[in-house]
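File shown here: target32.cif, holding mmCIF, C-alpha atoms and all ligand atoms.
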data_run
loop_
_atom_site.label_atom_id
_atom_site.label_comp_id
_atom_site.auth_asym_id
_atom_site.auth_seq_id
_atom_site.Cartn_x
_atom_site.Cartn_y
_atom_site.Cartn_z
CA MET C 1 -35.62 0.22 3.29
CA ASN C 2 -35.19 -2.59 5.86
CA ASP C 3 -36.20 -6.22 5.74
CA GLY C 4 -37.33 -8.32 8.74
CA ASP C 5 -33.87 -8.70 10.37
CA GLY C 6 -33.11 -4.96 10.42
CA GLN C 7 -30.66 -5.11 7.47
CA PRO C 8 -31.17 -2.86 4.43
CA ASP C 9 -33.01 -4.67 1.64
CA LEU C 10 -30.53 -5.97 -0.93
CA SER C 11 -32.36 -4.15 -3.72
CA SER C 12 -32.12 -0.77 -1.98
CA ARG C 13 -29.93 2.11 -3.07
CA GLY C 14 -28.42 0.73 -6.30
CA PRO C 15 -27.18 1.07 -8.98
CA TRP C 16 -23.57 0.95 -7.82
CA ASP C 17 -20.37 2.33 -9.26
CA VAL C 18 -18.35 -0.36 -7.49
CA VAL C 19 -19.25 -3.50 -5.57
CA VAL C 20 -16.48 -4.70 -3.21
CA LEU C 21 -16.64 -8.34 -2.08
CA GLY C 22 -15.02 -9.04 1.31
CA ALA C 23 -14.78 -6.64 4.27
CA GLY C 24 -11.25 -7.45 5.46
CA PRO C 25 -8.54 -4.74 5.39
CA ALA C 26 -8.27 -4.88 1.57
CA GLY C 27 -12.00 -4.57 0.92
CA ALA C 28 -12.74 -1.98 3.61
CA ILE C 29 -9.87 0.32 2.54
CA ALA C 30 -10.71 0.03 -1.19
CA ALA C 31 -14.39 0.77 -0.50
CA ARG C 32 -13.55 3.77 1.70
CA GLN C 33 -11.09 5.25 -0.81
CA LEU C 34 -13.66 5.01 -3.61
CA ALA C 35 -16.43 6.51 -1.47
CA HIS C 36 -14.15 9.46 -0.68
CA ALA C 37 -13.76 9.88 -4.45
CA ARG C 38 -17.59 10.21 -4.58
CA ARG C 39 -18.28 6.78 -6.00
CA ARG C 40 -21.39 4.82 -4.96
CA VAL C 41 -19.94 1.76 -3.24
CA LEU C 42 -21.52 -1.43 -1.91
CA LEU C 43 -19.33 -3.50 0.46
CA VAL C 44 -20.42 -7.14 0.84
CA GLU C 45 -19.24 -9.45 3.66
CA LYS C 46 -20.32 -13.06 4.06
CA HIS C 47 -19.95 -13.17 7.86
CA PRO C 48 -21.83 -11.15 10.46
CA LEU C 49 -19.55 -8.30 11.64
CA PRO C 50 -17.43 -8.05 13.70
CA ARG C 51 -15.87 -11.36 12.68
CA PRO C 52 -12.71 -13.11 13.92
CA LYS C 53 -9.80 -13.73 11.50
CA VAL C 54 -6.92 -16.22 11.63
CA CYS C 55 -3.99 -13.81 12.01
CA GLY C 56 -1.14 -12.73 14.29
CA GLY C 57 -2.55 -9.19 14.21
CA CYS C 58 0.84 -7.44 13.91
CA LEU C 59 0.83 -4.23 11.89
CA GLY C 60 4.39 -3.67 10.68
CA GLY C 61 5.95 -0.45 9.43
CA ALA C 62 4.58 -0.95 5.91
CA ALA C 63 0.99 -1.42 7.14
CA LEU C 64 1.30 1.59 9.46
CA SER C 65 2.58 3.70 6.53
CA VAL C 66 -0.53 2.83 4.50
CA LEU C 67 -2.74 3.86 7.42
CA ASP C 68 -0.80 7.17 7.59
CA GLN C 69 -1.22 7.62 3.86
CA VAL C 70 -5.03 7.28 3.98
CA GLY C 71 -5.50 9.38 7.13
CA LEU C 72 -6.16 6.47 9.50
CA ALA C 73 -2.98 6.61 11.60
CA HIS C 74 -5.14 6.85 14.75
CA LEU C 75 -6.86 3.50 14.18
CA PRO C 76 -4.42 1.05 15.87
CA ARG C 77 -4.52 3.14 19.09
CA GLN C 78 -8.31 3.50 18.87
CA CYS C 79 -8.44 -0.33 18.72
CA ARG C 80 -6.31 -0.52 21.89
CA GLY C 81 -3.35 -1.91 19.90
CA VAL C 82 -0.17 -2.79 21.80
CA SER C 83 3.12 -1.21 20.62
CA LEU C 84 5.81 -3.87 20.43
CA LEU C 85 9.43 -3.09 21.23
CA THR C 86 11.27 -6.37 20.80
CA MET C 87 11.11 -9.56 18.83
CA ARG C 88 12.20 -12.80 20.51
CA LEU C 89 13.03 -15.52 18.04
CA ALA C 90 13.52 -19.10 19.29
CA ASN C 91 14.72 -22.29 17.67
CA ARG C 92 15.95 -25.53 19.32
CA GLY C 93 16.46 -23.86 22.70
CA ARG C 94 18.37 -20.82 21.40
CA VAL C 95 16.55 -17.50 21.88
CA VAL C 96 17.69 -14.25 20.27
CA GLU C 97 16.15 -10.86 20.96
CA PHE C 98 16.26 -7.73 18.83
CA CYS C 99 14.35 -4.53 18.19
CA SER C 100 11.05 -5.30 16.45
CA GLY C 101 10.96 -2.06 14.46
CA ARG C 102 7.71 -0.09 14.16
CA ARG C 103 5.06 -2.70 15.05
CA ILE C 104 1.65 -2.62 16.73
CA ALA C 105 -0.37 -5.74 17.61
CA VAL C 106 -4.14 -5.40 17.26
CA SER C 107 -7.18 -7.62 17.69
CA ARG C 108 -8.25 -8.34 14.10
CA GLU C 109 -11.87 -8.44 15.20
CA ARG C 110 -11.56 -4.85 16.48
CA PHE C 111 -9.27 -3.50 13.75
CA ASP C 112 -11.29 -4.87 10.82
CA GLN C 113 -14.52 -3.59 12.38
CA ALA C 114 -12.97 -0.13 12.83
CA LEU C 115 -11.95 -0.10 9.14
CA VAL C 116 -15.51 -1.02 8.14
CA GLU C 117 -16.90 1.77 10.35
CA GLU C 118 -14.53 4.21 8.61
CA ALA C 119 -15.78 2.99 5.24
CA LYS C 120 -19.40 3.45 6.33
CA SER C 121 -18.63 6.98 7.58
CA ALA C 122 -17.23 7.77 4.13
CA GLY C 123 -20.58 6.76 2.58
CA VAL C 124 -20.12 3.06 1.81
CA THR C 125 -23.23 0.85 2.08
CA LEU C 126 -22.50 -2.43 3.89
CA PHE C 127 -24.33 -5.72 3.48
CA ASP C 128 -22.90 -8.24 5.93
CA GLN C 129 -24.06 -11.86 6.27
CA THR C 130 -24.22 -11.72 2.48
CA MET C 131 -22.29 -13.98 0.11
CA GLY C 132 -21.27 -12.37 -3.17
CA GLU C 133 -20.27 -14.14 -6.36
CA LEU C 134 -19.11 -12.62 -9.62
CA ILE C 135 -21.30 -13.64 -12.56
CA ALA C 136 -19.47 -14.70 -15.75
CA ALA C 137 -18.44 -11.65 -17.78
CA SER C 138 -20.26 -10.19 -20.71
CA GLU C 139 -18.31 -7.50 -22.57
CA SER C 140 -20.71 -4.82 -21.42
CA SER C 141 -20.28 -1.62 -19.43
CA VAL C 142 -21.35 -3.30 -16.20
CA ARG C 143 -20.43 -6.35 -14.14
CA ARG C 144 -23.08 -8.39 -12.35
CA VAL C 145 -22.82 -9.94 -8.89
CA HIS C 146 -25.02 -12.62 -7.36
CA LEU C 147 -25.83 -11.87 -3.71
CA VAL C 148 -27.24 -14.44 -1.28
CA ARG C 149 -28.19 -14.11 2.35
CA PRO C 150 -30.69 -15.99 4.49
CA GLY C 151 -34.10 -15.48 2.91
CA GLN C 152 -32.91 -13.21 0.09
CA VAL C 153 -31.21 -13.67 -3.28
CA MET C 154 -30.59 -11.03 -5.92
CA ILE C 155 -28.34 -9.78 -8.69
CA VAL C 156 -26.77 -6.31 -8.55
CA GLU C 157 -24.91 -4.43 -11.27
CA ALA C 158 -21.85 -2.22 -10.94
CA LYS C 159 -19.39 -0.53 -13.30
CA ALA C 160 -16.62 -2.54 -11.58
CA VAL C 161 -16.19 -5.20 -8.93
CA ILE C 162 -13.28 -5.46 -6.51
CA LEU C 163 -12.68 -8.97 -5.16
CA ALA C 164 -11.11 -8.88 -1.72
CA THR C 165 -12.32 -12.27 -0.54
CA GLY C 166 -9.15 -13.44 1.20
CA LEU C 167 -8.16 -17.11 0.96
CA GLY C 168 -11.48 -18.29 -0.50
CA TRP C 169 -11.83 -19.64 -4.05
CA PRO C 170 -11.22 -17.01 -6.76
CA PRO C 171 -13.74 -16.63 -9.62
CA SER C 172 -13.79 -19.49 -12.15
CA ALA C 173 -12.15 -17.26 -14.80
CA CYS C 174 -8.92 -17.26 -12.72
CA ASN C 175 -6.33 -20.02 -12.41
CA HIS C 176 -5.59 -20.90 -8.82
CA ALA C 177 -2.47 -22.92 -7.93
CA LEU C 178 -1.67 -24.08 -4.38
CA ALA C 179 2.01 -24.63 -3.54
CA PRO C 180 2.79 -28.30 -2.80
CA ASN C 181 3.20 -28.96 0.97
CA SER C 182 1.87 -25.52 1.82
CA PHE C 183 1.37 -24.96 5.54
CA ILE C 184 -2.10 -24.08 6.85
CA GLY C 185 -2.81 -21.20 9.27
CA VAL C 186 -4.36 -21.52 12.75
CA SER C 187 -4.89 -18.98 15.48
CA ALA C 188 -6.61 -18.44 18.82
CA ILE C 189 -6.92 -15.66 21.37
CA VAL C 190 -5.83 -16.90 24.81
CA GLU C 191 -6.55 -15.13 28.12
CA VAL C 192 -3.33 -15.00 30.09
CA ALA C 193 -1.53 -12.82 32.66
CA MET C 194 1.52 -11.03 31.15
CA ASN C 195 4.20 -8.80 32.62
CA ARG C 196 5.23 -5.58 30.83
CA ALA C 197 8.21 -7.12 29.04
CA GLN C 198 6.06 -9.99 27.76
CA LYS C 199 3.39 -7.55 26.57
CA LYS C 200 5.92 -5.56 24.57
CA SER C 201 7.44 -8.55 22.77
CA LEU C 202 6.58 -10.48 19.66
CA PHE C 203 7.52 -14.14 20.32
CA MET C 204 8.34 -16.34 17.33
CA ALA C 205 8.93 -20.06 17.90
CA CYS C 206 10.35 -21.92 14.90
CA SER C 207 10.60 -25.59 13.98
CA HIS C 208 10.46 -27.78 10.88
CA GLU C 209 6.79 -28.51 11.72
CA GLY C 210 5.84 -24.85 11.48
CA TYR C 211 6.22 -21.60 13.38
CA VAL C 212 4.16 -19.90 16.06
CA GLY C 213 3.90 -16.15 16.69
CA MET C 214 2.55 -14.73 19.96
CA ALA C 215 1.75 -11.09 20.70
CA ALA C 216 -0.42 -9.28 23.24
CA VAL C 217 -3.50 -7.74 21.64
CA GLY C 218 -5.05 -6.47 24.88
CA GLU C 219 -4.46 -6.26 28.63
CA HIS C 220 -4.72 -10.05 29.18
CA LEU C 221 -5.22 -11.24 25.64
CA LEU C 222 -2.52 -13.07 23.70
CA ASP C 223 -2.92 -13.77 19.98
CA VAL C 224 -1.31 -17.13 19.20
CA ALA C 225 -1.04 -17.61 15.43
CA ALA C 226 0.82 -20.31 13.54
CA ALA C 227 1.59 -21.72 10.13
CA ILE C 228 1.85 -25.48 10.50
CA SER C 229 2.38 -28.62 8.47
CA THR C 230 -0.81 -30.66 7.97
CA HIS C 231 1.29 -33.82 8.28
CA ALA C 232 2.62 -32.73 11.71
CA LEU C 233 -0.93 -31.81 12.76
CA ALA C 234 -2.28 -35.22 11.81
CA GLN C 235 0.54 -36.91 13.78
CA ALA C 236 0.14 -34.67 16.84
CA GLY C 237 -3.58 -35.41 17.00
CA SER C 238 -4.56 -31.95 18.30
CA THR C 239 -3.81 -28.35 17.36
CA SER C 240 -3.05 -27.39 20.97
CA GLY C 241 -0.69 -30.38 21.31
CA LEU C 242 1.30 -29.44 18.20
CA ILE C 243 1.44 -25.71 19.01
CA SER C 244 2.58 -26.40 22.61
CA ARG C 245 5.29 -28.73 21.32
CA ILE C 246 6.61 -26.22 18.76
CA ILE C 247 6.71 -23.47 21.42
CA ARG C 248 8.42 -25.66 24.05
CA ASP C 249 10.96 -27.28 21.68
CA ALA C 250 11.92 -23.84 20.37
CA GLY C 251 12.73 -22.58 23.88
CA PHE C 252 9.65 -20.77 25.26
CA GLU C 253 7.12 -21.76 27.89
CA PRO C 254 3.68 -22.39 26.30
CA PRO C 255 1.11 -19.93 27.71
CA ALA C 256 -1.34 -21.24 30.31
CA GLY C 257 -4.76 -21.86 28.78
CA LEU C 258 -3.44 -23.05 25.41
CA GLU C 259 -4.98 -26.50 25.90
CA ALA C 260 -8.49 -25.05 26.02
CA ALA C 261 -7.92 -22.57 23.16
CA ASN C 262 -10.62 -22.21 20.53
CA TRP C 263 -8.62 -22.66 17.29
CA ARG C 264 -9.67 -21.39 13.90
CA GLY C 265 -7.96 -22.52 10.72
CA THR C 266 -7.36 -21.61 7.09
CA PRO C 267 -6.99 -23.60 3.87
CA PRO C 268 -3.40 -24.10 2.57
CA LEU C 269 -1.74 -20.68 2.55
CA THR C 270 0.75 -20.40 -0.31
CA ARG C 271 -1.02 -19.93 -3.62
CA SER C 272 -0.83 -17.97 -6.82
CA VAL C 273 -3.79 -16.60 -8.76
CA ARG C 274 -3.88 -15.36 -12.38
CA PRO C 275 -5.06 -13.16 -13.98
CA LEU C 276 -5.54 -10.47 -11.33
CA VAL C 277 -7.72 -8.34 -13.58
CA LEU C 278 -10.83 -9.53 -15.43
CA HIS C 279 -13.32 -7.51 -17.45
CA ARG C 280 -14.38 -4.75 -15.01
CA ALA C 281 -13.11 -6.74 -12.03
CA VAL C 282 -9.88 -6.60 -9.99
CA LEU C 283 -8.52 -9.02 -7.35
CA ILE C 284 -6.65 -7.56 -4.36
CA GLY C 285 -5.23 -8.62 -0.97
CA ASP C 286 -4.95 -12.35 -0.20
CA SER C 287 -7.41 -13.18 -2.98
CA ALA C 288 -4.74 -12.07 -5.48
CA GLY C 289 -2.21 -14.63 -4.13
CA TYR C 290 -0.55 -15.27 -0.79
CA VAL C 291 2.51 -16.78 0.85
CA GLU C 292 2.98 -18.08 4.39
CA PRO C 293 2.97 -15.27 6.93
CA PHE C 294 6.40 -15.61 8.65
CA THR C 295 7.37 -12.03 7.82
CA GLY C 296 3.96 -10.69 8.99
CA GLU C 297 3.36 -8.40 6.00
CA GLY C 298 -0.07 -9.59 4.74
CA ILE C 299 -2.20 -6.78 6.19
CA GLY C 300 0.17 -4.17 4.74
CA TRP C 301 0.14 -5.85 1.31
CA ALA C 302 -3.67 -6.07 1.44
CA MET C 303 -4.14 -2.40 2.36
CA GLN C 304 -1.55 -1.12 -0.10
CA SER C 305 -3.07 -3.14 -2.94
CA ALA C 306 -6.46 -1.68 -1.96
CA VAL C 307 -5.18 1.89 -2.15
CA GLU C 308 -3.61 1.25 -5.56
CA ALA C 309 -6.63 -0.62 -6.95
CA ALA C 310 -9.13 1.99 -5.72
CA ALA C 311 -7.24 4.79 -7.50
CA PHE C 312 -6.93 2.72 -10.63
CA VAL C 313 -10.59 1.58 -10.70
CA HIS C 314 -11.67 5.19 -10.12
CA GLN C 315 -9.66 6.31 -13.19
CA GLN C 316 -10.84 3.47 -15.42
CA LEU C 317 -14.49 3.23 -14.35
CA GLU C 318 -16.03 4.95 -17.38
CA THR C 319 -13.68 3.59 -20.07
CA TRP C 320 -12.10 0.32 -18.81
CA ASP C 321 -9.42 0.36 -21.50
CA ALA C 322 -8.16 -3.25 -21.80
CA ASN C 323 -4.57 -2.18 -22.63
CA VAL C 324 -4.27 0.24 -19.72
CA VAL C 325 -5.77 -2.34 -17.40
CA ALA C 326 -3.36 -5.08 -18.53
CA ASN C 327 -0.41 -2.72 -18.04
CA TRP C 328 -1.56 -1.85 -14.51
CA ALA C 329 -1.96 -5.55 -13.67
CA ARG C 330 1.63 -6.17 -14.80
CA ARG C 331 2.96 -3.41 -12.53
CA TYR C 332 0.82 -4.68 -9.63
CA GLU C 333 2.17 -8.20 -10.08
CA MET C 334 5.74 -6.94 -10.21
CA ALA C 335 5.38 -4.94 -7.00
CA VAL C 336 3.46 -7.48 -4.93
CA ARG C 337 5.02 -10.65 -6.31
CA ARG C 338 8.53 -9.34 -5.61
CA ARG C 339 7.59 -9.16 -1.91
CA HIS C 340 5.87 -12.56 -2.08
CA ARG C 341 9.00 -14.12 -3.58
CA ARG C 342 11.19 -12.77 -0.78
CA CYS C 343 8.80 -14.02 1.92
CA ARG C 344 8.56 -17.40 0.20
CA ALA C 345 12.35 -17.75 0.08
CA VAL C 346 12.45 -17.12 3.86
CA THR C 347 9.69 -19.64 4.61
CA ARG C 348 11.34 -22.29 2.39
CA ALA C 349 14.68 -21.78 4.16
CA LEU C 350 12.97 -22.08 7.55
CA ARG C 351 12.02 -25.67 6.80
CA SER C 352 15.66 -26.68 6.87
CA ASP C 353 17.00 -27.43 10.39
CA ALA C 354 20.53 -26.56 9.25
CA ILE C 355 19.58 -23.15 7.79
CA ARG C 356 17.44 -22.21 10.81
CA SER C 357 20.20 -23.15 13.22
CA ALA C 358 22.84 -21.29 11.18
CA ALA C 359 20.64 -18.16 10.99
CA MET C 360 19.98 -18.26 14.75
CA TRP C 361 23.70 -18.73 15.46
CA ALA C 362 24.50 -15.71 13.26
CA LEU C 363 21.82 -13.52 14.90
CA ASP C 364 23.02 -14.58 18.36
CA LYS C 365 26.63 -13.64 17.59
CA LEU C 366 25.79 -10.51 15.59
CA PRO C 367 22.37 -9.13 16.67
CA ALA C 368 23.00 -6.04 14.48
CA LEU C 369 22.24 -8.27 11.47
CA ALA C 370 18.53 -8.09 12.38
CA ALA C 371 18.20 -4.31 11.88
CA PRO C 372 18.48 -4.20 8.06
CA ILE C 373 16.11 -7.17 7.76
CA VAL C 374 13.46 -5.53 9.96
CA HIS C 375 13.99 -2.23 8.12
CA SER C 376 13.45 -3.80 4.71
CA LEU C 377 10.24 -5.55 5.88
CA ASP C 378 8.92 -2.21 7.10
CA ARG C 379 9.34 -0.52 3.71
CA PRO C 380 5.99 0.03 1.98
CA LEU C 381 5.43 -1.24 -1.56
CA ARG C 382 6.50 1.30 -4.15
CA PRO C 383 3.37 3.09 -5.49
CA PHE C 384 2.53 2.09 -9.05
CA THR C 385 -0.78 3.80 -9.91
CA THR C 386 -0.12 6.98 -11.89
CA SER C 387 -2.76 9.25 -10.24
CA PRO C 388 -3.31 8.22 -6.63
CA LEU C 389 -6.50 9.38 -4.89
CA GLU C 390 -5.98 12.28 -2.50
CA PRO C 391 -5.23 11.18 1.09
CA GLN C 392 -8.15 11.56 3.52
CA HIS C 393 -7.25 13.02 6.86
CA GLY C 394 -8.58 11.22 9.93
CA ARG C 395 -8.98 12.47 13.44
C1 LIG C 401 -1.57 -17.67 10.82
C2 LIG C 401 -1.52 -16.30 10.16
C3 LIG C 401 -0.89 -15.25 10.80
C4 LIG C 401 -0.82 -13.99 10.18
N1 LIG C 401 -0.22 -12.96 10.85
C5 LIG C 401 -0.12 -11.75 10.25
C6 LIG C 401 0.49 -10.67 10.93
O1 LIG C 401 0.88 -10.76 12.09
N2 LIG C 401 0.59 -9.47 10.27
C7 LIG C 401 0.14 -9.31 8.99
O2 LIG C 401 0.27 -8.22 8.41
N3 LIG C 401 -0.50 -10.33 8.34
C8 LIG C 401 -0.64 -11.52 8.94
N4 LIG C 401 -1.30 -12.54 8.30
C9 LIG C 401 -1.88 -12.28 6.97
C10 LIG C 401 -3.20 -11.48 7.05
O3 LIG C 401 -4.08 -12.09 7.95
C11 LIG C 401 -3.84 -11.39 5.67
O4 LIG C 401 -2.85 -11.14 4.70
C12 LIG C 401 -4.89 -10.27 5.60
O5 LIG C 401 -5.96 -10.54 6.46
C13 LIG C 401 -5.42 -10.12 4.17
O6 LIG C 401 -6.49 -9.21 4.14
P1 LIG C 401 -7.65 -9.36 3.04
O7 LIG C 401 -8.53 -8.19 3.24
O8 LIG C 401 -7.04 -9.59 1.71
O9 LIG C 401 -8.39 -10.72 3.41
P2 LIG C 401 -9.22 -11.13 4.72
O10 LIG C 401 -8.74 -10.37 5.89
O11 LIG C 401 -9.19 -12.62 4.75
O12 LIG C 401 -10.70 -10.64 4.39
C14 LIG C 401 -11.47 -11.27 3.39
C15 LIG C 401 -12.94 -11.12 3.78
O13 LIG C 401 -13.75 -11.56 2.68
C16 LIG C 401 -14.85 -12.25 3.19
N5 LIG C 401 -15.37 -13.10 2.10
C17 LIG C 401 -14.78 -14.20 1.56
N6 LIG C 401 -15.50 -14.65 0.52
C18 LIG C 401 -16.57 -13.82 0.39
C19 LIG C 401 -17.68 -13.75 -0.50
N7 LIG C 401 -17.81 -14.64 -1.49
N8 LIG C 401 -18.60 -12.78 -0.34
C20 LIG C 401 -18.45 -11.86 0.67
N9 LIG C 401 -17.43 -11.87 1.55
C21 LIG C 401 -16.49 -12.83 1.41
C22 LIG C 401 -14.28 -13.04 4.37
O14 LIG C 401 -15.29 -13.44 5.26
C23 LIG C 401 -13.34 -11.98 4.96
O15 LIG C 401 -13.99 -11.19 5.93
C24 LIG C 401 -1.40 -13.79 8.90
C25 LIG C 401 -2.06 -14.85 8.26
C26 LIG C 401 -2.13 -16.09 8.88
C27 LIG C 401 -2.87 -17.20 8.19
#
Represent the structure contained in this file as structure tokens.
Amino acid sequence: MNDGDGQPDLSSRGPWDVVVLGAGPAGAIAARQLAHARRRVLLVEKHPLPRPKVCGGCLGGAALSVLDQVGLAHLPRQCRGVSLLTMRLANRGRVVEFCSGRRIAVSRERFDQALVEEAKSAGVTLFDQTMGELIAASESSVRRVHLVRPGQVMIVEAKAVILATGLGWPPSACNHALAPNSFIGVSAIVEVAMNRAQKKSLFMACSHEGYVGMAAVGEHLLDVAAAISTHALAQAGSTSGLISRIIRDAGFEPPAGLEAANWRGTPPLTRSVRPLVLHRAVLIGDSAGYVEPFTGEGIGWAMQSAVEAAAFVHQQLETWDANVVANWARRYEMAVRRRHRRCRAVTRALRSDAIRSAAMWALDKLPALAAPIVHSLDRPLRPFTTSPLEPQHGR
């Protein structure tokens, strides 16, 4: 059943086993996993798809392992992702270069759309341009969600809801704490000519005002993504001005075309959210808490949490045993928060000129120090759901 704009009518095809809010990597993977387990899944996205996303677009070893695990190892190549070979780190004119580990840079617009297409192929129903909001819980066997899109409003019911809404506000039943002085995220795609060596490198420019990552996500397309201080941004007067300054002061040449870049931004990045599980509802990905992205692990965390949550929701759908659920939430927090803590320690240290300079000096003198760090970032989260869903094999 279609309405006037060619979209399926919101009332069509219910009732749902699971409604997933947010069609980023977390939401799309969770929805696909559940559809493969023969659940009736509705995926709701507030923006029209494909949509851009503030991100550096680098899939590290951990993210690539999750794609392997769910049978989507082909996706980065299908999205014309660029395999990176080296990482060039710059601070106060000193540049060090080392092997980047297993890393592919992708356009988030393309990658996220490809994940949504995979979810649809598995049987997921998608409503984009639709805002979803969890309705306050009643201790019943269903959860209700309020859906709004231009010209249409309705309430749908599902046995469970997965919230994968990124850095937006969590439901009112959750406590949401922003870290003081948290940086904000900005990014833009810049058209620029690159030689082969430039295309194969991830550039990271560091300063006390923030850090900027640059990686090729297409033949002539460079993703410039940064976490920056709001204070420095207000003083610089323009995003392009601040980003150019951070890049130049660190020791790189700012790419041509940066001045005219079309920047998108995020709210403050570092936040914690509790609880992660409500009655018949689970938060995953960035909506379950986030730290600044210096280590570039967010997509991997989001996808891994989706795989774990999908298996868990599938097991608990009929019973939703409060004790089992609370225990799962504890294990989830331990696994994800441990990685968050490590990333947060790195980003805190980066704000000190002395620590950044000492770390760069050490990496310059002993480049072999980088290998164990890269290796540990590439390790996937340890699985913590007792009966994972069977992997689905892609093309
Ligand atoms: C500057 C910057 C650089 C980064 N670089 C990297 C990197 O190189 N590598 C890496 O791995 N990670 C990186 N990250 C982190 C990464 O972008 C996120 O961790 C990842 O996108 C999280 O995925 P998600 O699915 O949880 O959320 P998102 O990708 O944010 O998806 C959430 C979706 O939910 C939708 N939504 C929100 N509210 C609603 C609602 N009420 N109803 C319906 N839909 C809704 C949004 O429109 C969005 O599409 C970076 C982040 C920043 C800010």
| message | Can you work out which residues are within 6 Å of ligand LIG 401 (chain C), considering only C-alpha atoms and all ligand atoms, and then hand them over as a ChimeraX atom specification? | response | /C:21-27,44-47,54-59,131-133,164-168,185-187,225-227,285-287,293,296-300,302
| message | With only C-alpha atoms as the counted atoms, please give the residues lying no more than 8 Å from Thr125 (chain C), apart from itself and same-chain residues fewer than 5 positions off, as a VMD selection string. | response | chain C and resid 41 to 43 120
Hey, which bits of region 8-116 of chain C sit within 10 Å of region 190-213 of chain C, and for each residue what's the closest pair of atoms and how far apart in Å (one decimal), counting all atoms listed in the file, rows by chain and increasing number, as a tab-separated table?
residue	atom	partner	partner_atom	distance
C:Cys55	CA	C:Gly213	CA	9.5
C:Gly56	CA	C:Gly213	CA	6.5
C:Gly57	CA	C:Gly213	CA	9.8
C:Cys58	CA	C:Leu202	CA	8.7
C:Val82	CA	C:Lys200	CA	7.2
C:Ser83	CA	C:Lys200	CA	6.5
C:Leu84	CA	C:Lys200	CA	4.5
C:Leu85	CA	C:Lys200	CA	5.4
C:Thr86	CA	C:Ser201	CA	4.8
C:Met87	CA	C:Leu202	CA	4.7
C:Arg88	CA	C:Phe203	CA	4.9
C:Leu89	CA	C:Met204	CA	4.8
C:Ala90	CA	C:Ala205	CA	4.9
C:Asn91	CA	C:Cys206	CA	5.2
C:Arg92	CA	C:Ser207	CA	7.6
C:Gly93	CA	C:Ala205	CA	9.7
C:Val95	CA	C:Ala205	CA	9.0
C:Glu97	CA	C:Ser201	CA	9.2
C:Phe98	CA	C:Ser201	CA	9.7
C:Cys99	CA	C:Ser201	CA	9.2
C:Ser100	CA	C:Leu202	CA	7.6
C:Arg103	CA	C:Leu202	CA	9.2
C:Ile104	CA	C:Lys200	CA	9.4
C:Ala105	CA	C:Leu202	CA	8.7
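Taking CA of Lys53 (chain C) and CA of Ala119 (chain C) as the two end points, the separation is 18.8 Å.
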| field | Point-to-point distance in Å for CA of Ser387 (chain C) and CA of Ala122 (chain C) | value |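 A separation of 20.4 Å between them.
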| Near Pro254 (chain C), counting all atoms listed in the file, which residues have an atom at most 9 Å away, once you skip same-chain residues fewer than 5 positions from it, shown as a list in words? | Ile243, Ser244, Arg245, Ile246, Ile247 and Arg248 of chain C
What's the 12 Å shell around Ala136 (chain C), counting only C-alpha atoms, without same-chain residues fewer than 3 positions away, as a short mmCIF file (atom, residue, chain, number, x, y, z; two decimals) with C-alpha atoms, in the frame of the given file?
data_model
loop_
_atom_site.label_atom_id
_atom_site.label_comp_id
_atom_site.auth_asym_id
_atom_site.auth_seq_id
_atom_site.Cartn_x
_atom_site.Cartn_y
_atom_site.Cartn_z
CA GLU C 133 -20.27 -14.14 -6.36
CA GLU C 139 -18.31 -7.50 -22.57
CA SER C 140 -20.71 -4.82 -21.42
CA VAL C 142 -21.35 -3.30 -16.20
CA ARG C 143 -20.43 -6.35 -14.14
CA ARG C 144 -23.08 -8.39 -12.35
CA VAL C 145 -22.82 -9.94 -8.89
CA HIS C 146 -25.02 -12.62 -7.36
CA PRO C 171 -13.74 -16.63 -9.62
CA SER C 172 -13.79 -19.49 -12.15
CA ALA C 173 -12.15 -17.26 -14.80
CA CYS C 174 -8.92 -17.26 -12.72
CA LEU C 278 -10.83 -9.53 -15.43
CA HIS C 279 -13.32 -7.51 -17.45
CA ARG C 280 -14.38 -4.75 -15.01
CA ALA C 281 -13.11 -6.74 -12.03
#
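Between CA of Val273 (chain C) and CA of Arg108 (chain C) the separation is 24.7 Å.
Every protein, DNA or RNA residue with an atom at most 10 Å from Pro383 (chain C), where all atoms listed in the file count and chain neighbours fewer than 3 positions away do not, is listed here: Gln304, Ser305, Val307, Glu308, Arg331, Tyr332, Ala335, Pro380, Thr386, Ser387 and Pro388 of chain C.
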| said: From the options C:Pro255, C:Pro150, C:Gly123, C:Pro268, which residue's atoms come nearest to Ala28 (chain C), counting all atoms listed in the file? | reply: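 Of C:Pro255, C:Pro150, C:Gly123, C:Pro268, the one nearest Ala28 (chain C) is C:Gly123, counting all atoms listed in the file.
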| task | Rank nothing, just name the residue among C:Ala30, C:Ala311, C:Ala160, C:Val291 nearest to Phe384 (chain C), using only C-alpha atoms. | result |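 Result for the nearest residue to Phe384 (chain C): C:Ala311.
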Padding of 5 Å on every side, edges along x, y and z, all listed atoms of region 286-294 of chain C included: what centre and edge lengths in Å, to one decimal, does that box have, as JSON?
{"center_x": -0.5, "center_y": -15.1, "center_z": 1.6, "size_x": 23.8, "size_y": 16.0, "size_z": 24.1}
| message | Which residue is closest to Trp328 (chain C)? Choose from C:Gln316, C:Thr385, C:Gln152, C:Ser352 and count all atoms listed in the file. | response | C:Thr385
| request: Using only C-alpha atoms, give me every residue within 6 Å of (2.0, -14.7, 21.8) in file coordinates, as number ranges by chain. | output: C: 203, 213-215, 222-224
